[in-house]
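> Quick one: structure below, then a few questions.
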Amino acid sequence: QLNQTPGPTSPIFLRSNAEWDWLLAKTWRNADFYSHQLLTHPLRTHLFGEVFAIATLCQLPTCHPLFKLLVPHFHFTLYINTLAQSILINPGGVIDKGSGVTCEGMLLIVQQGLEKATYTSLCLPDDIWHRGMAPLPSYRYRDDAMSLWEAIERWDKGLGGSCFISGIVAFYYGEDVAVSGDAELQAWVVDIFTNGFLGRTSSGIPSSLRTVAELSKFLTMVVFTCSAQHAAVNNEQYDLGAFLPNAPSSKCHPLPAEKGKAFLQQFLNPVPQVDTTANILVALILLSSRLSGVVNAPGTYLEERFTEVEPHWLIRAFQGQLEEIRDHIEERNRWAKLRYNYMNLLETENSISE
C-alpha cells in the first residue's frame, strides 16, 4: 500500500498481481532515499558525530584521557560536514535539486528524525534486540557490526581480561566514584544531551554518567557511530543506488490509484530525468569513494597523545583483534556469492571523513 490513507484509490499491491503493477509499486520507494540520505546517513552519523566532536573540543581539555581517546575519531568530520552543507544539502544543492521535497521539507524530515532518535537505537546490541533482528540468519550487517562493537567495547577473552574502551576507562577511572566526580566528563555529557539531543529525556540519552559501565557503553557508542556505523551506511550507497529503481530520488507522477493499468511507459514516466539522475549518481559515487586513497582504520592513533604504557598496550591489542575481524570478513567473502564488505577494516575509516 503506497498511500497512507486506505480506500478504493489506495490498493494493496501484491507479488501475485500483474508484473508491471508489482514492479511499479516496488520502485515507488523514494521514501527510502530520503530516509537514508537525510536520517540514516547524515543525521545518525555525520550530525551526531559533529555533536560529539564539538562537545569534546569545548568541554574536555587536551590533556584529558577521553580527549586523547576520542579526538582521532573526529578527524575531518567538521570539514566534511561544512562541505556537505555547502554543496549537498544546502538550498539549491544536489539533494534539493534531485529530490521531490524542498529544502524546508528536508529540514522537517531531519527535525522529526532527531525527535525520534533514541539511545537504544544508537547502541548496536540494544538496537538489534529491540528490532528483533538477533535470530535472523545470514544478517551480515549485524554479524560484522557486533564483532566490531565488542572489539571496541571489550576484548576480554584472549588476553586475560584486557580490553579497549573498558580497559581505558578502568585504567584512568577504576571506580564509579571517579566517573561521577569528573566535572569535565559530566560537562561533556550534559553538552551532548542538551545541545545534541535538545534535552529530551524521552531519547534515553544520559545527561550524566555515574558508573564505569555507563561510561564504557557511552564511549563505545560514540566510537562505533563515528567509524563502523558510518562505514556501513556510507560505503554501500552507490552499490544500492546506482540502479535507479532501487531508491529513486523523486517520482514525477502521482501514486498509482488502481491495478491493471501499469505498463512499461507508465513504469518509466515517474523516473527522474536523466540530468537529475546523473547528478544523484555523481553524488553517490563521491560519497561512497575514498577520496584520499588512504584508509585510517579504527584503532589508528597517528599522534602519540597517551604518555602511559597501558593505553599503548590496549591500542595494540585492539588493533590485533581488528585484524582478526578483517581476516574473517575476507575469508567469508572469498567464498560468498554476494560479498558484504562495507565494514571490512580495509574499507572502514576511523572517523567520519567522507
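We label chains A, B, ... in the order they appear in the C-alpha cells, count residues from 1 in each chain, and number ligands from 1 in the order shown.
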Using only C-alpha atoms, which protein or nucleic acid residues come within 10 Å of range 243-257 of chain A? Drop anything in the same chain fewer than 5 positions from it, and give the result as a ChimeraX atom specification.
/A:2-3,7-12,21,23-34,36-37,95-101,237-238,262,266-273,276-277,280-281
> Would you mind listing what lies within 10 Å of Leu219 in chain A as a PyMOL selection string, with only C-alpha atoms counted and same-chain residues fewer than 2 positions away left out?
chain A and resi 66+69-70+152-153+165-166+169+214-217+221-225
> Those residues you just picked out, can you put them in a file as a short mmCIF file (atom, residue, chain, number, x, y, z; two decimals), in the first residue's frame with all heavy atoms?

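Output below, filename selection33.cif:
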```
data_model
loop_
_atom_site.label_atom_id
_atom_site.label_comp_id
_atom_site.auth_asym_id
_atom_site.auth_seq_id
_atom_site.Cartn_x
_atom_site.Cartn_y
_atom_site.Cartn_z
N LEU A 66 40.02 11.12 27.92
CA LEU A 66 38.94 10.88 26.96
C LEU A 66 39.10 11.75 25.72
O LEU A 66 38.69 11.35 24.63
CB LEU A 66 37.58 11.11 27.62
CG LEU A 66 37.26 10.19 28.80
CD1 LEU A 66 35.82 10.36 29.24
CD2 LEU A 66 37.57 8.73 28.48
N LEU A 69 41.51 9.78 23.71
CA LEU A 69 40.86 8.59 23.17
C LEU A 69 39.97 8.92 21.97
O LEU A 69 39.96 8.21 20.97
CB LEU A 69 40.02 7.93 24.27
CG LEU A 69 39.11 6.77 23.84
CD1 LEU A 69 39.94 5.56 23.47
CD2 LEU A 69 38.13 6.44 24.95
N LEU A 70 39.24 10.03 22.05
CA LEU A 70 38.17 10.31 21.09
C LEU A 70 38.60 11.15 19.89
O LEU A 70 38.03 11.00 18.80
CB LEU A 70 37.01 11.01 21.80
CG LEU A 70 36.25 10.19 22.83
CD1 LEU A 70 35.22 11.05 23.53
CD2 LEU A 70 35.58 8.98 22.19
N ILE A 152 35.51 -2.97 20.15
CA ILE A 152 35.68 -1.60 20.65
C ILE A 152 35.43 -1.54 22.14
O ILE A 152 36.21 -0.96 22.90
CB ILE A 152 34.73 -0.64 19.92
CG1 ILE A 152 35.12 -0.52 18.44
CG2 ILE A 152 34.73 0.74 20.57
CD1 ILE A 152 34.08 0.18 17.58
N GLU A 153 34.33 -2.17 22.59
CA GLU A 153 33.95 -2.05 24.00
C GLU A 153 34.80 -2.93 24.89
O GLU A 153 35.33 -2.50 25.90
CB GLU A 153 32.47 -2.41 24.17
CG GLU A 153 32.00 -2.23 25.61
CD GLU A 153 30.54 -2.55 25.79
OE1 GLU A 153 30.03 -3.42 25.05
OE2 GLU A 153 29.90 -1.95 26.65
N ILE A 165 38.04 0.04 25.10
CA ILE A 165 37.35 1.13 25.79
C ILE A 165 37.25 0.82 27.29
O ILE A 165 37.58 1.66 28.14
CB ILE A 165 35.94 1.35 25.21
CG1 ILE A 165 36.02 1.87 23.77
CG2 ILE A 165 35.15 2.31 26.08
CD1 ILE A 165 36.51 3.27 23.62
N SER A 166 36.78 -0.37 27.60
CA SER A 166 36.64 -0.73 29.02
C SER A 166 37.98 -0.70 29.73
O SER A 166 38.08 -0.34 30.91
CB SER A 166 35.98 -2.10 29.16
OG SER A 166 34.68 -2.10 28.62
N VAL A 169 38.96 2.99 30.32
CA VAL A 169 38.16 3.54 31.42
C VAL A 169 38.62 2.97 32.76
O VAL A 169 38.76 3.70 33.74
CB VAL A 169 36.66 3.25 31.18
CG1 VAL A 169 35.83 3.63 32.41
CG2 VAL A 169 36.16 4.01 29.95
N GLU A 214 28.57 2.54 32.63
CA GLU A 214 27.84 3.53 31.84
C GLU A 214 28.78 4.31 30.94
O GLU A 214 28.47 4.57 29.77
CB GLU A 214 27.09 4.49 32.77
CG GLU A 214 25.91 3.87 33.48
CD GLU A 214 25.23 4.84 34.45
OE1 GLU A 214 25.75 5.98 34.62
OE2 GLU A 214 24.21 4.46 35.04
N LEU A 215 29.93 4.69 31.46
CA LEU A 215 30.89 5.45 30.67
C LEU A 215 31.43 4.60 29.53
O LEU A 215 31.55 5.08 28.39
CB LEU A 215 32.03 5.93 31.56
CG LEU A 215 33.18 6.66 30.85
CD1 LEU A 215 32.67 7.86 30.07
CD2 LEU A 215 34.25 7.07 31.86
N SER A 216 31.74 3.34 29.80
CA SER A 216 32.29 2.46 28.75
C SER A 216 31.28 2.29 27.61
O SER A 216 31.65 2.34 26.43
CB SER A 216 32.64 1.09 29.35
OG SER A 216 33.68 1.21 30.30
N LYS A 217 30.03 2.10 27.95
CA LYS A 217 29.00 1.93 26.93
C LYS A 217 28.83 3.20 26.10
O LYS A 217 28.72 3.14 24.87
CB LYS A 217 27.66 1.54 27.58
CG LYS A 217 26.53 1.33 26.59
CD LYS A 217 25.25 0.89 27.29
CE LYS A 217 24.11 0.67 26.30
NZ LYS A 217 22.86 0.20 26.97
N MET A 221 29.55 3.70 22.07
CA MET A 221 28.56 4.22 21.13
C MET A 221 29.15 5.34 20.28
O MET A 221 28.94 5.39 19.06
CB MET A 221 27.33 4.71 21.90
CG MET A 221 26.21 5.29 21.05
SD MET A 221 26.42 7.07 20.68
CE MET A 221 26.22 7.79 22.31
N VAL A 222 29.90 6.24 20.90
CA VAL A 222 30.49 7.36 20.16
C VAL A 222 31.49 6.85 19.12
O VAL A 222 31.43 7.23 17.95
CB VAL A 222 31.17 8.34 21.13
CG1 VAL A 222 31.97 9.39 20.37
CG2 VAL A 222 30.13 9.02 22.02
N VAL A 223 32.40 5.99 19.54
CA VAL A 223 33.43 5.48 18.63
C VAL A 223 32.80 4.65 17.52
O VAL A 223 33.16 4.79 16.34
CB VAL A 223 34.47 4.66 19.40
CG1 VAL A 223 35.44 3.96 18.45
CG2 VAL A 223 35.24 5.55 20.38
N PHE A 224 31.84 3.80 17.85
CA PHE A 224 31.19 2.96 16.84
C PHE A 224 30.44 3.81 15.83
O PHE A 224 30.51 3.57 14.62
CB PHE A 224 30.21 2.00 17.54
CG PHE A 224 29.48 1.09 16.59
CD1 PHE A 224 30.07 -0.08 16.12
CD2 PHE A 224 28.20 1.40 16.16
CE1 PHE A 224 29.40 -0.91 15.23
CE2 PHE A 224 27.52 0.58 15.28
CZ PHE A 224 28.12 -0.58 14.82
N THR A 225 29.71 4.83 16.29
CA THR A 225 28.95 5.70 15.40
C THR A 225 29.87 6.40 14.40
O THR A 225 29.54 6.52 13.21
CB THR A 225 28.17 6.75 16.20
OG1 THR A 225 27.23 6.09 17.05
CG2 THR A 225 27.44 7.72 15.29
#
```
> Tell me which protein, DNA and RNA residues are within 9 Å of range 193-200 of chain A, counting only C-alpha atoms, leaving out same-chain ones fewer than 6 positions away, and put them as a list in words.
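Here the qualifying residues turn out to be Leu47, Phe48, Glu50, Val51, Phe52, Ala55, Leu114, Glu115, Ala117, Pro206, Ser207 and Ser208 of chain A.
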> Could you please take those selected residues and save C-alpha atoms as a short mmCIF file (atom, residue, chain, number, x, y, z; two decimals), in the first residue's frame?

```cif
data_model
loop_
_atom_site.label_atom_id
_atom_site.label_comp_id
_atom_site.auth_asym_id
_atom_site.auth_seq_id
_atom_site.Cartn_x
_atom_site.Cartn_y
_atom_site.Cartn_z
CA LEU A 47 25.50 15.27 12.58
CA PHE A 48 25.69 13.17 15.74
CA GLU A 50 29.62 16.63 14.94
CA VAL A 51 27.76 16.88 18.24
CA PHE A 52 30.28 14.54 19.88
CA ALA A 55 31.32 18.75 22.91
CA LEU A 114 16.01 13.88 15.69
CA GLU A 115 12.84 13.89 17.78
CA ALA A 117 16.30 9.32 17.92
CA PRO A 206 22.05 10.14 29.54
CA SER A 207 22.58 13.60 30.99
CA SER A 208 25.14 12.22 33.42
#
```
> Which residues of range 307-345 of chain A come within 12 Å of range 171-180 of chain A, and what is each one's closest atom pair and distance in Å (one decimal), counting only C-alpha atoms, sorted by chain and residue number, as a tab-separated table?

```
residue	atom	partner	partner_atom	distance
A:Glu308	CA	A:Phe171	CA	10.1
A:Val309	CA	A:Phe171	CA	10.7
A:Glu310	CA	A:Phe171	CA	7.6
A:Pro311	CA	A:Phe171	CA	8.1
A:His312	CA	A:Phe171	CA	11.7
A:Trp313	CA	A:Phe171	CA	11.7
A:Leu314	CA	A:Phe171	CA	10.2
```
> Write to file, as a CSV table (one decimal), in the first residue's frame, the residues of the selection just made, with all heavy atoms.

```csv
chain,number,residue,atom,x,y,z
A,308,GLU,N,51.3,7.1,29.1
A,308,GLU,CA,51.4,5.9,29.9
A,308,GLU,C,51.6,4.7,29.0
A,308,GLU,O,51.2,4.6,27.8
A,308,GLU,CB,50.2,5.7,30.8
A,308,GLU,CG,50.0,6.9,31.8
A,308,GLU,CD,49.1,8.0,31.2
A,308,GLU,OE1,48.9,7.9,29.9
A,308,GLU,OE2,48.6,8.8,32.0
A,309,VAL,N,52.1,3.6,29.5
A,309,VAL,CA,52.3,2.4,28.8
A,309,VAL,C,51.0,1.6,28.6
A,309,VAL,O,50.8,1.1,27.5
A,309,VAL,CB,53.3,1.5,29.6
A,309,VAL,CG1,53.4,0.1,28.9
A,309,VAL,CG2,54.7,2.1,29.7
A,310,GLU,N,50.1,1.6,29.6
A,310,GLU,CA,48.9,0.8,29.5
A,310,GLU,C,48.0,1.1,28.3
A,310,GLU,O,47.6,0.2,27.6
A,310,GLU,CB,48.1,0.9,30.8
A,310,GLU,CG,46.8,0.1,30.8
A,310,GLU,CD,47.1,-1.4,31.0
A,310,GLU,OE1,48.3,-1.8,31.3
A,310,GLU,OE2,46.1,-2.2,31.0
A,311,PRO,N,47.7,2.4,28.0
A,311,PRO,CA,46.9,2.7,26.8
A,311,PRO,C,47.5,2.2,25.5
A,311,PRO,O,46.8,1.7,24.6
A,311,PRO,CB,46.8,4.2,26.9
A,311,PRO,CG,47.0,4.6,28.3
A,311,PRO,CD,48.0,3.6,28.8
A,312,HIS,N,48.8,2.3,25.4
A,312,HIS,CA,49.5,1.9,24.2
A,312,HIS,C,49.4,0.4,24.0
A,312,HIS,O,49.1,-0.2,22.9
A,312,HIS,CB,51.0,2.2,24.2
A,312,HIS,CG,51.2,3.7,24.1
A,312,HIS,ND1,51.2,4.3,22.8
A,312,HIS,CD2,51.5,4.7,25.0
A,312,HIS,CE1,51.4,5.6,23.0
A,312,HIS,NE2,51.6,5.9,24.3
A,313,TRP,N,49.5,-0.4,25.1
A,313,TRP,CA,49.3,-1.8,25.1
A,313,TRP,C,47.9,-2.2,24.7
A,313,TRP,O,47.6,-3.1,23.9
A,313,TRP,CB,49.6,-2.4,26.4
A,313,TRP,CG,49.6,-3.9,26.4
A,313,TRP,CD1,50.7,-4.7,26.1
A,313,TRP,CD2,48.5,-4.8,26.7
A,313,TRP,NE1,50.3,-6.0,26.2
A,313,TRP,CE2,49.0,-6.1,26.6
A,313,TRP,CE3,47.2,-4.6,27.1
A,313,TRP,CZ2,48.2,-7.2,26.8
A,313,TRP,CZ3,46.4,-5.7,27.3
A,313,TRP,CH2,46.9,-7.0,27.2
A,314,LEU,N,46.9,-1.5,25.2
A,314,LEU,CA,45.5,-1.7,24.9
A,314,LEU,C,45.2,-1.4,23.4
A,314,LEU,O,44.4,-2.1,22.8
A,314,LEU,CB,44.6,-0.9,25.8
A,314,LEU,CG,44.5,-1.3,27.3
A,314,LEU,CD1,43.8,-0.2,28.1
A,314,LEU,CD2,43.8,-2.6,27.4
```
> Hey, what's within 10 Å of range 334-344 of chain A if we count only C-alpha atoms and toss same-chain stuff fewer than 6 positions away? As a list in words, please?
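With the cut-off at 10 Å, the set is Tyr139, Arg140, Tyr141, Asp144, Ala145, Leu148, Ser227, Ala228, Gln229, His230, Ala231, Ala232, Val233, Asn234, Asn235, Glu236, Ala297, Leu322, Glu323, Ile325, Arg326, Asp327 and His328 of chain A.
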> Suppose we keep N, CA, C and O atoms; can you now write the selection as a PDB file, in the first residue's frame?

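Contents of result-v6.pdb, as written:
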```pdb
ATOM      1  N   TYR A 139      22.574 -12.337   8.473  1.00  0.00           N
ATOM      2  CA  TYR A 139      22.422 -10.881   8.515  1.00  0.00           C
ATOM      3  C   TYR A 139      23.820 -10.304   8.702  1.00  0.00           C
ATOM      4  O   TYR A 139      24.299 -10.139   9.811  1.00  0.00           O
ATOM      5  N   ARG A 140      24.495  -9.999   7.592  1.00  0.00           N
ATOM      6  CA  ARG A 140      25.910  -9.656   7.625  1.00  0.00           C
ATOM      7  C   ARG A 140      26.170  -8.334   8.348  1.00  0.00           C
ATOM      8  O   ARG A 140      27.206  -8.179   9.011  1.00  0.00           O
ATOM      9  N   TYR A 141      25.278  -7.370   8.189  1.00  0.00           N
ATOM     10  CA  TYR A 141      25.472  -6.114   8.927  1.00  0.00           C
ATOM     11  C   TYR A 141      25.540  -6.389  10.418  1.00  0.00           C
ATOM     12  O   TYR A 141      26.452  -5.921  11.110  1.00  0.00           O
ATOM     13  N   ASP A 144      28.924  -8.434  11.374  1.00  0.00           N
ATOM     14  CA  ASP A 144      30.167  -7.654  11.339  1.00  0.00           C
ATOM     15  C   ASP A 144      30.128  -6.512  12.340  1.00  0.00           C
ATOM     16  O   ASP A 144      31.133  -6.210  13.002  1.00  0.00           O
ATOM     17  N   ALA A 145      28.973  -5.853  12.459  1.00  0.00           N
ATOM     18  CA  ALA A 145      28.855  -4.728  13.380  1.00  0.00           C
ATOM     19  C   ALA A 145      29.014  -5.186  14.828  1.00  0.00           C
ATOM     20  O   ALA A 145      29.676  -4.515  15.628  1.00  0.00           O
ATOM     21  N   LEU A 148      32.632  -5.768  15.643  1.00  0.00           N
ATOM     22  CA  LEU A 148      33.357  -4.518  15.842  1.00  0.00           C
ATOM     23  C   LEU A 148      32.947  -3.833  17.150  1.00  0.00           C
ATOM     24  O   LEU A 148      33.804  -3.278  17.854  1.00  0.00           O
ATOM     25  N   SER A 227      32.781   5.455  13.290  1.00  0.00           N
ATOM     26  CA  SER A 227      33.662   4.603  12.485  1.00  0.00           C
ATOM     27  C   SER A 227      32.860   3.513  11.774  1.00  0.00           C
ATOM     28  O   SER A 227      32.485   3.675  10.607  1.00  0.00           O
ATOM     29  N   ALA A 228      32.563   2.432  12.460  1.00  0.00           N
ATOM     30  CA  ALA A 228      31.927   1.284  11.814  1.00  0.00           C
ATOM     31  C   ALA A 228      30.533   1.598  11.286  1.00  0.00           C
ATOM     32  O   ALA A 228      30.172   1.201  10.170  1.00  0.00           O
ATOM     33  N   GLN A 229      29.721   2.304  12.079  1.00  0.00           N
ATOM     34  CA  GLN A 229      28.358   2.602  11.637  1.00  0.00           C
ATOM     35  C   GLN A 229      28.368   3.509  10.414  1.00  0.00           C
ATOM     36  O   GLN A 229      27.595   3.304   9.472  1.00  0.00           O
ATOM     37  N   HIS A 230      29.242   4.503  10.418  1.00  0.00           N
ATOM     38  CA  HIS A 230      29.329   5.367   9.241  1.00  0.00           C
ATOM     39  C   HIS A 230      29.767   4.577   8.018  1.00  0.00           C
ATOM     40  O   HIS A 230      29.242   4.772   6.912  1.00  0.00           O
ATOM     41  N   ALA A 231      30.732   3.687   8.178  1.00  0.00           N
ATOM     42  CA  ALA A 231      31.178   2.875   7.048  1.00  0.00           C
ATOM     43  C   ALA A 231      30.026   2.035   6.493  1.00  0.00           C
ATOM     44  O   ALA A 231      29.859   1.907   5.275  1.00  0.00           O
ATOM     45  N   ALA A 232      29.228   1.469   7.393  1.00  0.00           N
ATOM     46  CA  ALA A 232      28.127   0.594   6.965  1.00  0.00           C
ATOM     47  C   ALA A 232      27.105   1.338   6.132  1.00  0.00           C
ATOM     48  O   ALA A 232      26.575   0.800   5.152  1.00  0.00           O
ATOM     49  N   VAL A 233      26.778   2.579   6.497  1.00  0.00           N
ATOM     50  CA  VAL A 233      25.717   3.304   5.797  1.00  0.00           C
ATOM     51  C   VAL A 233      26.257   4.183   4.678  1.00  0.00           C
ATOM     52  O   VAL A 233      25.489   4.624   3.811  1.00  0.00           O
ATOM     53  N   ASN A 234      27.553   4.440   4.669  1.00  0.00           N
ATOM     54  CA  ASN A 234      28.144   5.289   3.629  1.00  0.00           C
ATOM     55  C   ASN A 234      28.660   4.473   2.450  1.00  0.00           C
ATOM     56  O   ASN A 234      28.401   4.802   1.294  1.00  0.00           O
ATOM     57  N   ASN A 235      29.395   3.408   2.732  1.00  0.00           N
ATOM     58  CA  ASN A 235      30.103   2.696   1.677  1.00  0.00           C
ATOM     59  C   ASN A 235      29.182   1.955   0.720  1.00  0.00           C
ATOM     60  O   ASN A 235      29.588   1.613  -0.392  1.00  0.00           O
ATOM     61  N   GLU A 236      27.956   1.687   1.124  1.00  0.00           N
ATOM     62  CA  GLU A 236      27.034   0.917   0.304  1.00  0.00           C
ATOM     63  C   GLU A 236      26.217   1.774  -0.663  1.00  0.00           C
ATOM     64  O   GLU A 236      25.497   1.226  -1.504  1.00  0.00           O
ATOM     65  N   ALA A 297      42.112   3.147   9.496  1.00  0.00           N
ATOM     66  CA  ALA A 297      41.125   2.227  10.052  1.00  0.00           C
ATOM     67  C   ALA A 297      40.956   2.455  11.546  1.00  0.00           C
ATOM     68  O   ALA A 297      41.792   3.095  12.198  1.00  0.00           O
ATOM     69  N   LEU A 322      41.157  -6.337  15.652  1.00  0.00           N
ATOM     70  CA  LEU A 322      40.567  -5.820  14.419  1.00  0.00           C
ATOM     71  C   LEU A 322      41.127  -6.542  13.200  1.00  0.00           C
ATOM     72  O   LEU A 322      40.407  -6.788  12.222  1.00  0.00           O
ATOM     73  N   GLU A 323      42.397  -6.893  13.242  1.00  0.00           N
ATOM     74  CA  GLU A 323      42.985  -7.644  12.132  1.00  0.00           C
ATOM     75  C   GLU A 323      42.346  -9.023  12.017  1.00  0.00           C
ATOM     76  O   GLU A 323      42.125  -9.521  10.905  1.00  0.00           O
ATOM     77  N   ILE A 325      39.236  -9.718  12.818  1.00  0.00           N
ATOM     78  CA  ILE A 325      37.908  -9.474  12.240  1.00  0.00           C
ATOM     79  C   ILE A 325      38.033  -9.240  10.734  1.00  0.00           C
ATOM     80  O   ILE A 325      37.246  -9.765   9.936  1.00  0.00           O
ATOM     81  N   ARG A 326      39.036  -8.467  10.334  1.00  0.00           N
ATOM     82  CA  ARG A 326      39.261  -8.228   8.904  1.00  0.00           C
ATOM     83  C   ARG A 326      39.531  -9.535   8.165  1.00  0.00           C
ATOM     84  O   ARG A 326      38.957  -9.793   7.093  1.00  0.00           O
ATOM     85  N   ASP A 327      40.381 -10.388   8.728  1.00  0.00           N
ATOM     86  CA  ASP A 327      40.703 -11.661   8.077  1.00  0.00           C
ATOM     87  C   ASP A 327      39.465 -12.547   7.964  1.00  0.00           C
ATOM     88  O   ASP A 327      39.283 -13.238   6.949  1.00  0.00           O
ATOM     89  N   HIS A 328      38.613 -12.533   8.983  1.00  0.00           N
ATOM     90  CA  HIS A 328      37.381 -13.327   8.943  1.00  0.00           C
ATOM     91  C   HIS A 328      36.456 -12.843   7.822  1.00  0.00           C
ATOM     92  O   HIS A 328      35.884 -13.652   7.077  1.00  0.00           O
TER      93      HIS A 328
END
```
> Which one is closest to Thr201 in chain A: A:Tyr119, A:Trp22, A:Phe13, A:Tyr301? Count only C-alpha atoms.
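Answer, going by the shortest atom-to-atom distance: A:Tyr119.
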> How many Å separate CA of His41 in chain A from CA of Leu83 in chain A?
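So the two atoms, CA of His41 in chain A and CA of Leu83 in chain A, lie 15.2 Å apart.
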> In terms of the shortest atom-to-atom distance over only C-alpha atoms, which of A:Val295, A:Leu78, A:Ala283, A:Val110 is closest to Leu346 in chain A?
A:Val295
> I need the residues in range 131-352 of chain A that are alpha helix (DSSP H) according to DSSP; give them as an NGL selection string.
:A and (140-153 or 165-172 or 176-180 or 183-191 or 212-224 or 230-234 or 237-241 or 264-268 or 274-288 or 309-335)
> So, counting only C-alpha atoms, which residue among A:Thr56, A:Ser351, A:Ser147, A:Ser202 is closest to Ile329 in chain A?
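For Ile329 in chain A, the nearest of the candidates is A:Ser147.
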> Distance CA of Ile315 in chain A-CA of Val190 in chain A, one decimal place?
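We find that CA of Ile315 in chain A and CA of Val190 in chain A lie 27.8 Å from each other.
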